[in-house]
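*Asks:* I have a structure here, written as structure tokens, and I will follow up with some questions on it.
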Amino acid sequence: MMQTYDAVVVGAGFAGLVAARELGRKNKKVLVLEARDRIGGRTWTDHRLGRDLELGGTWVHWTQPHVWSEISRYGLEVTRGPRAERTYWYSGGHVETGDLEEFMDLIDPGMTRLLEDTTDWIPRPDTPLANEKLAEADAVTLQERLDALNLPPEEQDANAAAWVGHFNGPPDRSSFVNGLRWTAAAAGHWKLMHESTAIFRLKEGTKTLAARIAEESGAEILLDSPVRAIRQDDDGATVEFGDRQEVRARDVVVTLPQNVLDRIEYSPELSSAKKSSSEEKTASQGIKVWIRVKGPIEPFFAYSTPRHPLSVIRTEYVGEDDAVLVAFGADASRLDIEDIEQVREAVRAWRDDLEVLEATGHDWMSDEWAGETWMISRPHQFTTYHEHMSRAEGRVHFASGDFANIWAGFIDGAIESGFRVAREIDDADQDTGPEGTGPAPQGEQ
């Protein structure tokens with residue numbers, strides 16, 4: 001006889017794990033189906049280059065309310081990498097060097113002018129679509145808004161490179177609204193936004209937080225169990241996974257990223273908005289690389305330009321004989337992280353005195369169940385699709401950091417989304433009662 005659950009959660013990233021935990025707290029029987037051989041989704045703590053490295057999502061901050069609450073809940077410790085003693089950046093085609101404050105002073109006029117109207121565009125980040133005029137900001141790329149400032153060349157390159165670090169995608173394909181949303185989440189202050197998104201991390205890794213949530217959930221979690229199809233009927237849904245295995249559920253929670261949302265066969269079909277957004281793909285197409293170099297070295301931070309294979313690089317771990325750097329580029333296709341010579345050449349854009357020993361990373365762009373790094377939308381996508389992405393379709397519900405209101409693309413956003421969908425299911429059950437079937441399955445919306 002086919003097993004039946006109150007809810008089946010597709011994906012064991014933070015959105016799925018939090019949804020499972022919160023549904024479990026309502027005494028629901030929950031099954032989590034994870035395609036990978038691990039939990040964590042687009043976060044992944046793995047031991048490489050002699051350290052526990054974050055191959056995916058990493059940074060947390062006390063301005064991120066949902067993840068900080070989880071950190072406090074489980075008593076986890078937060079740390080940071082070493083403070084940069086030197087900074088390198090491009091100016092007029094040449095590499096300049098100074099301290100980090102000099103670079104921050106260089107980009108401050110551009111950042112301030114670019115983002116000075118943030119709170120007019122988005123008064124509250126938790127209701128980002130409240131301003132009907134936001135579509136105007138969503139119609140242009142960040143690069144177009146930056147170009148309109150007519151900054152001196154050295155400021156232009158420095159600002160663009162800083163945004164590549166934030167977006168992990170090319171500024172000329174990324175909507176300006178992404179910058180507004182992040183800055184609105186940091187109360188309209190660009191320096192706080194910069195700190196909130198790129199400095200502090202969990203001392204024992206994101207795997208620790210994921211494991212604690214999974215343990216508390218009490219849910220049954222099956223790894224190596226990719227979901228193939230979800231077929232709704234009047235009584236719930238049948239979920240097909242793995243090698244033609246099937247289970248029944250009253251509710252299903254899908255937590256796939258936007259770029260791969262259509263990897264599952266849905267019956268009825270997904271709404272036209274969800275299908276279109278998944279077909280268009282996001283602007284997220286970058287790369288994250290961990291690089292071990294011979295030491296000792298002084299900690300440093302470096303920016304190049306969006307035209308370089310790596311636009312941002314900094315020291316994250318310092319040992320007596322080596323150091324480990326983390327680097328980001330706008331386009332994963334420009335650099336093969338398995339080719340050490342390519343990595344060395346990319347590092348030489350700033351420094352030819354570093355001896356690159358090893359490099360590692362994960363190609364999230366070709367990952368079957370990711371297809372992107374973190375959520376950065378193209379022009380028009382946010383105001384066109386956002387309200388549709390988290391909308392339930394019958395008994396199928398949708399949760400992902402991609403669809404969060406406040407810190408979309410972050411662990412915080414995934415947690416926010418997991419809470420929302422668990423509350424959505426519980427509210428529907430309260431409305432219909434234990435024998436109710438809830439809303440009828442929907443297709444086009």
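Naming works like this for the structure tokens: A, B, ... for the chains as they're shown, residue 1 at the start of each chain, ligands 1 onward in shown order.
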Using only C-alpha atoms, which protein or nucleic acid residues come within 8 Å of segment 40-43 of chain A? Drop anything in the same chain fewer than 4 positions from it, and give the result as a JSON list (two decimals) with all heavy atoms, in the first residue's frame.
*Replies:*
[["chain", "number", "residue", "atom", "x", "y", "z"],
["A", 11, "GLY", "N", 13.08, 18.88, -1.40],
["A", 11, "GLY", "CA", 14.30, 19.65, -1.21],
["A", 11, "GLY", "C", 14.63, 19.86, 0.24],
["A", 11, "GLY", "O", 13.79, 20.30, 1.03],
["A", 12, "ALA", "N", 15.88, 19.55, 0.63],
["A", 12, "ALA", "CA", 16.32, 19.68, 2.02],
["A", 12, "ALA", "C", 17.30, 20.83, 2.20],
["A", 12, "ALA", "O", 18.25, 20.75, 2.96],
["A", 12, "ALA", "CB", 16.96, 18.38, 2.50],
["A", 13, "GLY", "N", 17.06, 21.93, 1.46],
["A", 13, "GLY", "CA", 17.76, 23.17, 1.75],
["A", 13, "GLY", "C", 17.10, 23.83, 2.95],
["A", 13, "GLY", "O", 16.21, 23.25, 3.59],
["A", 14, "PHE", "N", 17.48, 25.06, 3.25],
["A", 14, "PHE", "CA", 16.95, 25.70, 4.45],
["A", 14, "PHE", "C", 15.46, 25.96, 4.36],
["A", 14, "PHE", "O", 14.74, 25.85, 5.36],
["A", 14, "PHE", "CB", 17.72, 26.98, 4.75],
["A", 14, "PHE", "CG", 19.01, 26.74, 5.48],
["A", 14, "PHE", "CD1", 20.21, 26.73, 4.79],
["A", 14, "PHE", "CD2", 19.03, 26.47, 6.84],
["A", 14, "PHE", "CE1", 21.41, 26.47, 5.45],
["A", 14, "PHE", "CE2", 20.21, 26.21, 7.51],
["A", 14, "PHE", "CZ", 21.41, 26.22, 6.81],
["A", 54, "GLU", "N", 32.87, 26.82, 2.66],
["A", 54, "GLU", "CA", 31.49, 26.98, 2.21],
["A", 54, "GLU", "C", 31.50, 27.09, 0.69],
["A", 54, "GLU", "O", 31.92, 28.11, 0.12],
["A", 54, "GLU", "CB", 30.86, 28.23, 2.84],
["A", 54, "GLU", "CG", 30.77, 28.20, 4.35],
["A", 54, "GLU", "CD", 29.76, 27.19, 4.87],
["A", 54, "GLU", "OE1", 29.06, 26.56, 4.05],
["A", 54, "GLU", "OE2", 29.68, 27.02, 6.10],
["A", 55, "LEU", "N", 31.02, 26.07, 0.03],
["A", 55, "LEU", "CA", 31.00, 26.07, -1.43],
["A", 55, "LEU", "C", 29.82, 26.85, -1.98],
["A", 55, "LEU", "O", 29.80, 27.21, -3.16],
["A", 55, "LEU", "CB", 30.97, 24.64, -1.96],
["A", 55, "LEU", "CG", 32.14, 23.75, -1.53],
["A", 55, "LEU", "CD1", 32.03, 22.40, -2.20],
["A", 55, "LEU", "CD2", 33.48, 24.40, -1.85],
["A", 56, "GLY", "N", 28.84, 27.11, -1.15],
["A", 56, "GLY", "CA", 27.67, 27.87, -1.56],
["A", 56, "GLY", "C", 27.40, 29.02, -0.62],
["A", 56, "GLY", "O", 28.30, 29.74, -0.22],
["A", 57, "GLY", "N", 26.12, 29.18, -0.23],
["A", 57, "GLY", "CA", 25.74, 30.29, 0.66],
["A", 57, "GLY", "C", 26.54, 30.28, 1.94],
["A", 57, "GLY", "O", 26.83, 29.23, 2.51],
["A", 58, "THR", "N", 26.87, 31.47, 2.42],
["A", 58, "THR", "CA", 27.81, 31.57, 3.54],
["A", 58, "THR", "C", 27.41, 32.60, 4.58],
["A", 58, "THR", "O", 27.28, 32.29, 5.76],
["A", 58, "THR", "CB", 29.21, 31.96, 3.01],
["A", 58, "THR", "OG1", 29.62, 31.04, 2.01],
["A", 58, "THR", "CG2", 30.24, 31.98, 4.14],
["A", 206, "THR", "N", 27.68, 26.21, 7.76],
["A", 206, "THR", "CA", 26.24, 26.17, 7.55],
["A", 206, "THR", "C", 25.68, 24.77, 7.78],
["A", 206, "THR", "O", 24.50, 24.61, 8.08],
["A", 206, "THR", "CB", 25.89, 26.64, 6.13],
["A", 206, "THR", "OG1", 26.59, 25.82, 5.17],
["A", 206, "THR", "CG2", 26.28, 28.10, 5.91],
["A", 207, "LYS", "N", 26.53, 23.76, 7.62],
["A", 207, "LYS", "CA", 26.07, 22.38, 7.82],
["A", 207, "LYS", "C", 25.55, 22.17, 9.24],
["A", 207, "LYS", "O", 24.63, 21.36, 9.46],
["A", 207, "LYS", "CB", 27.19, 21.39, 7.53],
["A", 207, "LYS", "CG", 28.37, 21.49, 8.49],
["A", 207, "LYS", "CD", 29.46, 20.46, 8.18],
["A", 207, "LYS", "CE", 30.61, 20.56, 9.17],
["A", 207, "LYS", "NZ", 31.69, 19.59, 8.87],
["A", 210, "ALA", "N", 21.96, 23.57, 9.42],
["A", 210, "ALA", "CA", 21.07, 22.68, 8.69],
["A", 210, "ALA", "C", 20.80, 21.40, 9.48],
["A", 210, "ALA", "O", 19.66, 20.92, 9.55],
["A", 210, "ALA", "CB", 21.68, 22.35, 7.33],
["A", 370, "ALA", "N", 20.16, 23.10, -9.07],
["A", 370, "ALA", "CA", 20.36, 24.51, -8.72],
["A", 370, "ALA", "C", 20.21, 25.39, -9.95],
["A", 370, "ALA", "O", 19.30, 26.20, -10.06],
["A", 370, "ALA", "CB", 21.72, 24.72, -8.05],
["A", 373, "THR", "N", 23.44, 30.46, -8.85],
["A", 373, "THR", "CA", 24.05, 30.64, -7.53],
["A", 373, "THR", "C", 22.97, 31.22, -6.61],
["A", 373, "THR", "O", 22.11, 30.49, -6.16],
["A", 373, "THR", "CB", 25.29, 31.55, -7.62],
["A", 373, "THR", "OG1", 24.96, 32.75, -8.35],
["A", 373, "THR", "CG2", 26.43, 30.84, -8.33]]
*Asks:* Tell me which protein, DNA and RNA residues are within 12 Å of Ser174 of chain A, counting only C-alpha atoms, leaving out same-chain ones fewer than 4 positions away, and put them as a PyMOL selection string.
*Replies:* chain A and resi 137-146+160+163-164+166-170+178-180+281-286+330+375-382
*Asks:* Excluding Val18 of chain A and residues on its chain fewer than 4 positions from it, collect all residues at most 12 Å away from it, counting only C-alpha atoms, and give them as a PyMOL selection string.
*Replies:* chain A and resi 9+11-14+22-25+30+32+40+66-67+70+209-219+253+255+399-401+411-423
*Asks:* Residues of the last selection are to be written out with N, CA and C atoms, as a short mmCIF file (atom, residue, chain, number, x, y, z; two decimals), in the first residue's frame.
*Replies:*
data_model
loop_
_atom_site.label_atom_id
_atom_site.label_comp_id
_atom_site.auth_asym_id
_atom_site.auth_seq_id
_atom_site.Cartn_x
_atom_site.Cartn_y
_atom_site.Cartn_z
N VAL A 9 7.89 17.37 1.41
CA VAL A 9 8.71 18.53 1.10
C VAL A 9 9.76 18.12 0.09
N GLY A 11 13.08 18.88 -1.40
CA GLY A 11 14.30 19.65 -1.21
C GLY A 11 14.63 19.86 0.24
N ALA A 12 15.88 19.55 0.63
CA ALA A 12 16.32 19.68 2.02
C ALA A 12 17.30 20.83 2.20
N GLY A 13 17.06 21.93 1.46
CA GLY A 13 17.76 23.17 1.75
C GLY A 13 17.10 23.83 2.95
N PHE A 14 17.48 25.06 3.25
CA PHE A 14 16.95 25.70 4.45
C PHE A 14 15.46 25.96 4.36
N GLU A 22 8.54 23.25 11.03
CA GLU A 22 7.36 23.97 11.49
C GLU A 22 6.09 23.14 11.29
N LEU A 23 6.02 22.36 10.22
CA LEU A 23 4.88 21.47 10.04
C LEU A 23 4.90 20.35 11.08
N GLY A 24 6.09 19.87 11.40
CA GLY A 24 6.22 18.86 12.44
C GLY A 24 5.75 19.36 13.78
N ARG A 25 5.98 20.63 14.05
CA ARG A 25 5.53 21.22 15.32
C ARG A 25 4.01 21.27 15.39
N VAL A 30 5.65 14.30 8.12
CA VAL A 30 6.34 14.97 7.01
C VAL A 30 7.43 14.08 6.44
N VAL A 32 10.64 14.44 3.71
CA VAL A 32 11.49 15.33 2.91
C VAL A 32 12.24 14.49 1.89
N GLY A 40 21.08 20.66 2.83
CA GLY A 40 21.69 21.98 2.76
C GLY A 40 21.39 22.75 1.49
N HIS A 66 15.60 36.40 10.20
CA HIS A 66 15.20 35.00 10.29
C HIS A 66 16.38 34.09 10.62
N VAL A 67 17.51 34.29 9.94
CA VAL A 67 18.65 33.44 10.21
C VAL A 67 19.26 33.76 11.57
N GLU A 70 17.48 31.91 14.19
CA GLU A 70 17.87 30.50 14.21
C GLU A 70 19.23 30.32 14.89
N LEU A 209 23.96 24.40 11.23
CA LEU A 209 22.61 24.92 11.34
C LEU A 209 21.61 24.02 10.62
N ALA A 210 21.96 23.57 9.42
CA ALA A 210 21.07 22.68 8.69
C ALA A 210 20.80 21.40 9.48
N ALA A 211 21.84 20.84 10.07
CA ALA A 211 21.69 19.60 10.82
C ALA A 211 20.81 19.78 12.05
N ARG A 212 20.94 20.92 12.73
CA ARG A 212 20.13 21.17 13.92
C ARG A 212 18.65 21.30 13.56
N ILE A 213 18.37 22.01 12.45
CA ILE A 213 16.98 22.16 12.03
C ILE A 213 16.40 20.80 11.62
N ALA A 214 17.18 20.04 10.86
CA ALA A 214 16.72 18.72 10.42
C ALA A 214 16.42 17.81 11.61
N GLU A 215 17.30 17.84 12.59
CA GLU A 215 17.12 17.00 13.78
C GLU A 215 15.86 17.37 14.53
N GLU A 216 15.64 18.66 14.72
CA GLU A 216 14.47 19.10 15.47
C GLU A 216 13.18 18.82 14.71
N SER A 217 13.25 18.80 13.39
CA SER A 217 12.03 18.61 12.59
C SER A 217 11.37 17.27 12.86
N GLY A 218 12.18 16.25 13.12
CA GLY A 218 11.63 14.92 13.31
C GLY A 218 11.10 14.31 12.03
N ALA A 219 11.33 14.99 10.91
CA ALA A 219 10.82 14.51 9.63
C ALA A 219 11.64 13.34 9.13
N VAL A 253 5.31 20.61 -0.72
CA VAL A 253 6.09 21.85 -0.70
C VAL A 253 7.27 21.70 -1.65
N THR A 255 10.66 23.30 -3.13
CA THR A 255 11.63 24.32 -2.74
C THR A 255 12.75 24.50 -3.77
N ALA A 399 8.30 27.30 -1.81
CA ALA A 399 9.17 28.00 -0.86
C ALA A 399 10.60 27.94 -1.37
N SER A 400 11.27 29.07 -1.34
CA SER A 400 12.68 29.14 -1.77
C SER A 400 13.23 30.48 -1.35
N GLY A 401 14.54 30.52 -1.08
CA GLY A 401 15.17 31.81 -0.85
C GLY A 401 15.01 32.74 -2.04
N ILE A 411 20.47 32.76 3.01
CA ILE A 411 19.93 31.77 3.93
C ILE A 411 18.73 32.35 4.65
N ASP A 412 18.82 33.61 5.02
CA ASP A 412 17.72 34.28 5.70
C ASP A 412 16.44 34.22 4.88
N GLY A 413 16.55 34.47 3.58
CA GLY A 413 15.38 34.43 2.73
C GLY A 413 14.77 33.05 2.63
N ALA A 414 15.63 32.02 2.59
CA ALA A 414 15.12 30.65 2.54
C ALA A 414 14.35 30.32 3.80
N ILE A 415 14.87 30.75 4.95
CA ILE A 415 14.18 30.50 6.22
C ILE A 415 12.85 31.24 6.26
N GLU A 416 12.86 32.51 5.84
CA GLU A 416 11.61 33.27 5.76
C GLU A 416 10.57 32.52 4.94
N SER A 417 11.00 32.01 3.80
CA SER A 417 10.10 31.32 2.89
C SER A 417 9.57 30.01 3.50
N GLY A 418 10.42 29.30 4.22
CA GLY A 418 9.98 28.07 4.87
C GLY A 418 8.92 28.33 5.92
N PHE A 419 9.11 29.38 6.72
CA PHE A 419 8.10 29.75 7.71
C PHE A 419 6.77 30.10 7.02
N ARG A 420 6.86 30.88 5.96
CA ARG A 420 5.65 31.33 5.28
C ARG A 420 4.82 30.16 4.78
N VAL A 421 5.48 29.20 4.12
CA VAL A 421 4.71 28.11 3.52
C VAL A 421 4.12 27.18 4.59
N ALA A 422 4.83 26.99 5.69
CA ALA A 422 4.28 26.17 6.78
C ALA A 422 3.04 26.84 7.37
N ARG A 423 3.10 28.14 7.54
CA ARG A 423 1.94 28.87 8.05
C ARG A 423 0.78 28.82 7.05
#
*Asks:* Report, in Å to a single decimal, how far apart atom CA of Val95 of chain A and atom CA of Glu355 of chain A are.
*Replies:* 18.5 Å
*Asks:* Quick one: which segment 284-354 of chain A residues come within 9 Å of segment 97-102 of chain A, and what is the nearest atom pair for each with the distance in Å to one decimal, counting only C-alpha atoms, rows ordered by chain and ascending number, as CSV?
*Replies:*
residue,atom,partner,partner_atom,distance
A:Phe300,CA,A:Leu100,CA,8.6
A:Phe301,CA,A:Leu100,CA,7.4
A:Ala302,CA,A:Thr97,CA,8.9
*Asks:* Contacts of Ala184 of chain A at 7 Å or less, counting only C-alpha atoms, minus same-chain residues fewer than 5 places along, as a ChimeraX atom specification?
*Replies:* /A:118-119,122,124-125
